[in-house]
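Novice: First the structure, which I've put down as structure tokens, then a few questions once you've had a look.
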Amino acid sequence: MQMLTIGDRQYKFHHIQPGNVPLAYIERGHGAPVVFVHGSGPTDLRTWERQIEPFAVHFRAIAYSQRYHYPNPTTGDLAGITSTRTHARDLADLITALGLGRVHLVGFSFGADIVLRLAVDYPDLVRTLTIIEPPLRSWLATLPGGAELLTQRAAAILPAKRAVQNGNLEQGARLFIDGMMGRDVFDGLSPSARQRILDNAHLIGVEPTEIDAMNAEDITRDEAATIRAPALLLTGDKSPPMFLLVSQELARYLPNVEQAQIQGASHLLHVTHSQEYNAIVLRFLKKLEGLG
């Protein structure tokens, strides 16, 4: 039996290999399936430690780690690690292999880019979307001030990539998190959150910094307009401007969208403001499932 410590709990985790790479996942509860999709770089399924148990009271809560993220094997061709289509195909394969049917998808950051791509390419697998601050960098590049924000992002990530490539994972992780979310954010995280980041810090070395490498597989505005599944778009009012700009633009194109903003929260709102986050998302899902 393979066990994984998440917060103060032990979980049995499984590996499934529906495609050409193994994907680790955990699950709790019964009912309509809710699949949690983490962000890019230094994170994994453990980022949902404050969501699994509360959601499992009403739903079958499933969190998985994307290819090459802990506790999956880290060896292989990392070229696909930044491909939204590759991850959406992995996610579709996971949903199909587990026989989940149409699922409630919860995607954070790059994970939100993935669930949006899945909703376009595999609409029959989607019941609802909960979207937390997608980067959608090709969209950002076209918005007022967006190109400058992308340049700032690249400038923040490059030192982190160099540190990781030189073998200094902790420094790379600190530079990456602080560069994306603000000074001293990394040191302010809980020990378990910092450990998650360090376990995946090697992936910072393959983070794209060129706009061309970031945008090829984003959904387009026209594709966003075809997504009929009910969507909840969540932001934090203290989040970096790039995420707020993109979320505002995305809300203009999704046909069936609700919006909510958590006061005092930045990009990691499901971690730092988990009670407010869980209440908003559960209310949205329970309403659509007729659970009161």
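Every chain in the structure tokens has a letter given in the order shown (A, B, ...), and although residue numbers restart at 1 in each chain, ligands are simply numbered from 1 in the order shown.
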Set the distance at 10 Å and use only C-alpha atoms: which residues neighbour A:Lys161 once local chain neighbours fewer than 2 positions away are removed? I'd like the list as a ChimeraX atom specification.

Specialist: /A:156-159,163-169,171-173,175-176,201-209

Novice: Got a sec: who's within 7 Å of A:Phe13, counting only C-alpha atoms, leaving out chain neighbours fewer than 2 positions off, as a PyMOL selection string?

Specialist: chain A and resi 2-4+11+15+24-26

Novice: Which residue, A:Thr226, A:Arg50, A:Leu269, A:Leu245, has the smallest gap to A:Ala147 when you use only C-alpha atoms?

Specialist: A:Leu245

Novice: Just want the 9 Å neighbourhood of stretch 113-128 of chain A, counted on only C-alpha atoms, with same-chain residues fewer than 6 positions away dropped. Output as a PDB file with N, CA and C atoms, in the first residue's frame.

Specialist:
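After the write, around39.pdb holds the following:
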ATOM      1  N   VAL A  37      -7.472  20.090 -10.123  1.00  0.00           N
ATOM      2  CA  VAL A  37      -6.345  20.164 -11.055  1.00  0.00           C
ATOM      3  C   VAL A  37      -5.400  21.272 -10.576  1.00  0.00           C
ATOM      4  N   GLY A  39      -1.803  23.660 -10.221  1.00  0.00           N
ATOM      5  CA  GLY A  39      -1.123  24.550 -11.144  1.00  0.00           C
ATOM      6  C   GLY A  39       0.180  23.972 -11.663  1.00  0.00           C
ATOM      7  N   SER A  83       2.650  21.863 -21.941  1.00  0.00           N
ATOM      8  CA  SER A  83       1.640  21.753 -22.989  1.00  0.00           C
ATOM      9  C   SER A  83       0.248  21.593 -22.394  1.00  0.00           C
ATOM     10  N   THR A  84      -0.600  22.588 -22.598  1.00  0.00           N
ATOM     11  CA  THR A  84      -1.975  22.506 -22.112  1.00  0.00           C
ATOM     12  C   THR A  84      -2.711  21.338 -22.754  1.00  0.00           C
ATOM     13  N   ARG A  85      -2.492  21.117 -24.021  1.00  0.00           N
ATOM     14  CA  ARG A  85      -3.172  20.005 -24.708  1.00  0.00           C
ATOM     15  C   ARG A  85      -2.727  18.655 -24.150  1.00  0.00           C
ATOM     16  N   THR A  86      -1.433  18.520 -23.862  1.00  0.00           N
ATOM     17  CA  THR A  86      -0.947  17.262 -23.289  1.00  0.00           C
ATOM     18  C   THR A  86      -1.613  16.997 -21.947  1.00  0.00           C
ATOM     19  N   HIS A  87      -1.666  18.003 -21.092  1.00  0.00           N
ATOM     20  CA  HIS A  87      -2.271  17.819 -19.775  1.00  0.00           C
ATOM     21  C   HIS A  87      -3.782  17.613 -19.877  1.00  0.00           C
ATOM     22  N   ALA A  88      -4.435  18.289 -20.803  1.00  0.00           N
ATOM     23  CA  ALA A  88      -5.875  18.078 -20.978  1.00  0.00           C
ATOM     24  C   ALA A  88      -6.156  16.653 -21.448  1.00  0.00           C
ATOM     25  N   ARG A  89      -5.308  16.139 -22.312  1.00  0.00           N
ATOM     26  CA  ARG A  89      -5.466  14.746 -22.765  1.00  0.00           C
ATOM     27  C   ARG A  89      -5.226  13.777 -21.616  1.00  0.00           C
ATOM     28  N   LEU A  91      -5.760  14.402 -18.475  1.00  0.00           N
ATOM     29  CA  LEU A  91      -6.914  14.530 -17.598  1.00  0.00           C
ATOM     30  C   LEU A  91      -8.122  13.801 -18.177  1.00  0.00           C
ATOM     31  N   ALA A  92      -8.343  13.942 -19.478  1.00  0.00           N
ATOM     32  CA  ALA A  92      -9.439  13.224 -20.130  1.00  0.00           C
ATOM     33  C   ALA A  92      -9.251  11.718 -19.992  1.00  0.00           C
ATOM     34  N   ILE A  95     -10.129  10.712 -16.366  1.00  0.00           N
ATOM     35  CA  ILE A  95     -11.581  10.712 -16.151  1.00  0.00           C
ATOM     36  C   ILE A  95     -12.222   9.489 -16.799  1.00  0.00           C
ATOM     37  N   THR A  96     -11.792   9.179 -18.003  1.00  0.00           N
ATOM     38  CA  THR A  96     -12.352   8.035 -18.729  1.00  0.00           C
ATOM     39  C   THR A  96     -11.964   6.722 -18.069  1.00  0.00           C
ATOM     40  N   LEU A 100     -15.680   8.108 -14.674  1.00  0.00           N
ATOM     41  CA  LEU A 100     -16.325   9.174 -13.915  1.00  0.00           C
ATOM     42  C   LEU A 100     -17.474   9.841 -14.655  1.00  0.00           C
ATOM     43  N   GLY A 101     -17.539   9.695 -15.967  1.00  0.00           N
ATOM     44  CA  GLY A 101     -18.575  10.388 -16.725  1.00  0.00           C
ATOM     45  C   GLY A 101     -18.308  11.880 -16.757  1.00  0.00           C
ATOM     46  N   ARG A 102     -19.367  12.677 -16.606  1.00  0.00           N
ATOM     47  CA  ARG A 102     -19.221  14.131 -16.596  1.00  0.00           C
ATOM     48  C   ARG A 102     -18.874  14.584 -15.182  1.00  0.00           C
ATOM     49  N   VAL A 103     -17.821  15.384 -15.065  1.00  0.00           N
ATOM     50  CA  VAL A 103     -17.283  15.721 -13.748  1.00  0.00           C
ATOM     51  C   VAL A 103     -17.328  17.230 -13.509  1.00  0.00           C
ATOM     52  N   HIS A 104     -17.305  17.566 -12.229  1.00  0.00           N
ATOM     53  CA  HIS A 104     -17.060  18.942 -11.812  1.00  0.00           C
ATOM     54  C   HIS A 104     -15.547  19.133 -11.776  1.00  0.00           C
ATOM     55  N   LEU A 105     -15.048  20.091 -12.520  1.00  0.00           N
ATOM     56  CA  LEU A 105     -13.608  20.340 -12.600  1.00  0.00           C
ATOM     57  C   LEU A 105     -13.248  21.599 -11.828  1.00  0.00           C
ATOM     58  N   VAL A 106     -12.194  21.505 -11.022  1.00  0.00           N
ATOM     59  CA  VAL A 106     -11.699  22.648 -10.265  1.00  0.00           C
ATOM     60  C   VAL A 106     -10.247  22.851 -10.660  1.00  0.00           C
ATOM     61  N   GLY A 107      -9.938  23.962 -11.320  1.00  0.00           N
ATOM     62  CA  GLY A 107      -8.589  24.196 -11.819  1.00  0.00           C
ATOM     63  C   GLY A 107      -7.999  25.475 -11.270  1.00  0.00           C
ATOM     64  N   PRO A 134      -6.696  31.814 -14.140  1.00  0.00           N
ATOM     65  CA  PRO A 134      -5.877  31.227 -15.216  1.00  0.00           C
ATOM     66  C   PRO A 134      -4.887  32.247 -15.766  1.00  0.00           C
ATOM     67  N   PRO A 135      -3.674  31.821 -16.125  1.00  0.00           N
ATOM     68  CA  PRO A 135      -2.720  32.766 -16.721  1.00  0.00           C
ATOM     69  C   PRO A 135      -3.120  33.208 -18.131  1.00  0.00           C
ATOM     70  N   LEU A 136      -3.570  32.264 -18.981  1.00  0.00           N
ATOM     71  CA  LEU A 136      -3.943  32.554 -20.380  1.00  0.00           C
ATOM     72  C   LEU A 136      -3.054  33.659 -20.956  1.00  0.00           C
ATOM     73  N   GLU A 217      -1.157  27.012 -27.077  1.00  0.00           N
ATOM     74  CA  GLU A 217      -2.253  26.086 -26.828  1.00  0.00           C
ATOM     75  C   GLU A 217      -3.323  26.659 -25.914  1.00  0.00           C
ATOM     76  N   ASP A 218      -3.251  27.934 -25.574  1.00  0.00           N
ATOM     77  CA  ASP A 218      -4.356  28.552 -24.854  1.00  0.00           C
ATOM     78  C   ASP A 218      -5.633  28.429 -25.681  1.00  0.00           C
ATOM     79  N   ILE A 219      -6.767  28.306 -24.997  1.00  0.00           N
ATOM     80  CA  ILE A 219      -8.013  28.430 -25.748  1.00  0.00           C
ATOM     81  C   ILE A 219      -8.106  29.859 -26.282  1.00  0.00           C
ATOM     82  N   GLU A 223     -13.212  30.111 -28.792  1.00  0.00           N
ATOM     83  CA  GLU A 223     -13.419  28.809 -28.143  1.00  0.00           C
ATOM     84  C   GLU A 223     -14.067  28.976 -26.775  1.00  0.00           C
ATOM     85  N   ALA A 224     -13.658  29.998 -26.023  1.00  0.00           N
ATOM     86  CA  ALA A 224     -14.262  30.238 -24.709  1.00  0.00           C
ATOM     87  C   ALA A 224     -15.767  30.449 -24.839  1.00  0.00           C
ATOM     88  N   THR A 226     -17.744  29.024 -26.715  1.00  0.00           N
ATOM     89  CA  THR A 226     -18.471  27.784 -26.999  1.00  0.00           C
ATOM     90  C   THR A 226     -18.666  26.931 -25.747  1.00  0.00           C
ATOM     91  N   ILE A 227     -18.072  27.311 -24.616  1.00  0.00           N
ATOM     92  CA  ILE A 227     -18.159  26.499 -23.397  1.00  0.00           C
ATOM     93  C   ILE A 227     -19.517  26.738 -22.741  1.00  0.00           C
ATOM     94  N   ARG A 228     -20.364  25.745 -22.765  1.00  0.00           N
ATOM     95  CA  ARG A 228     -21.723  25.884 -22.239  1.00  0.00           C
ATOM     96  C   ARG A 228     -21.851  25.434 -20.792  1.00  0.00           C
ATOM     97  N   ALA A 229     -20.877  24.719 -20.279  1.00  0.00           N
ATOM     98  CA  ALA A 229     -20.962  24.237 -18.901  1.00  0.00           C
ATOM     99  C   ALA A 229     -20.998  25.421 -17.935  1.00  0.00           C
ATOM    100  N   PRO A 230     -21.790  25.325 -16.874  1.00  0.00           N
ATOM    101  CA  PRO A 230     -21.773  26.389 -15.856  1.00  0.00           C
ATOM    102  C   PRO A 230     -20.362  26.564 -15.301  1.00  0.00           C
ATOM    103  N   ALA A 231     -19.960  27.814 -15.132  1.00  0.00           N
ATOM    104  CA  ALA A 231     -18.604  28.108 -14.680  1.00  0.00           C
ATOM    105  C   ALA A 231     -18.632  29.079 -13.510  1.00  0.00           C
ATOM    106  N   LEU A 232     -17.728  28.856 -12.570  1.00  0.00           N
ATOM    107  CA  LEU A 232     -17.487  29.771 -11.463  1.00  0.00           C
ATOM    108  C   LEU A 232     -16.071  30.297 -11.620  1.00  0.00           C
ATOM    109  N   LEU A 285     -21.444  24.232  -6.366  1.00  0.00           N
ATOM    110  CA  LEU A 285     -21.623  22.842  -6.787  1.00  0.00           C
ATOM    111  C   LEU A 285     -22.888  22.228  -6.208  1.00  0.00           C
ATOM    112  N   LEU A 288     -26.017  23.279  -8.074  1.00  0.00           N
ATOM    113  CA  LEU A 288     -26.199  22.626  -9.365  1.00  0.00           C
ATOM    114  C   LEU A 288     -26.553  21.152  -9.230  1.00  0.00           C
TER     115      LEU A 288
END

Novice: Using the chain letters and numbers from this document, which residues of stretch 29-230 of chain A does DSSP assign to strand (DSSP E or B), as number ranges by chain?

Specialist: A: 33-37, 60-64, 103-108, 126-132

Novice: I need the residues in stretch 59-206 of chain A that are alpha helix (DSSP H) according to DSSP; give them as a VMD selection string.

Specialist: chain A and resid 84 to 97 110 to 121 137 to 140 146 to 165 169 to 181 185 to 188 191 to 199

Novice: Would you please work out which residue, of A:Thr235, A:Thr5, A:Thr272, A:Gln152, is nearest to A:Thr130 when using only C-alpha atoms?

Specialist: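 For A:Thr130, the nearest of the candidates is A:Thr235.
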
Novice: Need the shell around A:Gly29: protein/DNA/RNA residues with any atom at most 8 Å away, counting only C-alpha atoms. Skip same-chain ones fewer than 6 positions apart. Format as an mmCIF file with C-alpha atoms, in the first residue's frame?

Specialist:
data_model
loop_
_atom_site.group_PDB
_atom_site.id
_atom_site.type_symbol
_atom_site.label_atom_id
_atom_site.label_comp_id
_atom_site.auth_asym_id
_atom_site.auth_seq_id
_atom_site.Cartn_x
_atom_site.Cartn_y
_atom_site.Cartn_z
ATOM 1 C CA PHE A 55 -15.652 18.355 -0.383
ATOM 2 C CA ALA A 56 -15.760 14.616 0.364
ATOM 3 C CA VAL A 57 -18.703 15.206 2.714
ATOM 4 C CA HIS A 58 -20.909 15.793 -0.337
ATOM 5 C CA PHE A 59 -18.920 14.614 -3.365
ATOM 6 C CA ARG A 60 -16.423 12.065 -4.619
ATOM 7 C CA ALA A 61 -13.343 14.275 -4.324
#

Novice: Please provide as a list in words all residues within 7 Å of stretch 181-189 of chain A, with the sequence filter that same-chain residues fewer than 6 positions apart are discarded (counting only C-alpha atoms).

Specialist: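 Contacts, with the query itself left out: Arg174, Pro240 and His267 of chain A.
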
Novice: Next, dump the selected residues to file, keeping only N, CA and C atoms, as a CSV table (one decimal), in the first residue's frame.

Specialist:
chain,number,residue,atom,x,y,z
A,174,ARG,N,12.1,29.8,-3.8
A,174,ARG,CA,11.8,31.0,-3.1
A,174,ARG,C,11.7,32.2,-4.2
A,240,PRO,N,-1.9,39.2,-8.1
A,240,PRO,CA,-1.1,39.9,-9.1
A,240,PRO,C,-2.0,40.4,-10.3
A,267,HIS,N,-3.0,35.1,-5.0
A,267,HIS,CA,-3.2,34.0,-6.0
A,267,HIS,C,-3.5,32.6,-5.3
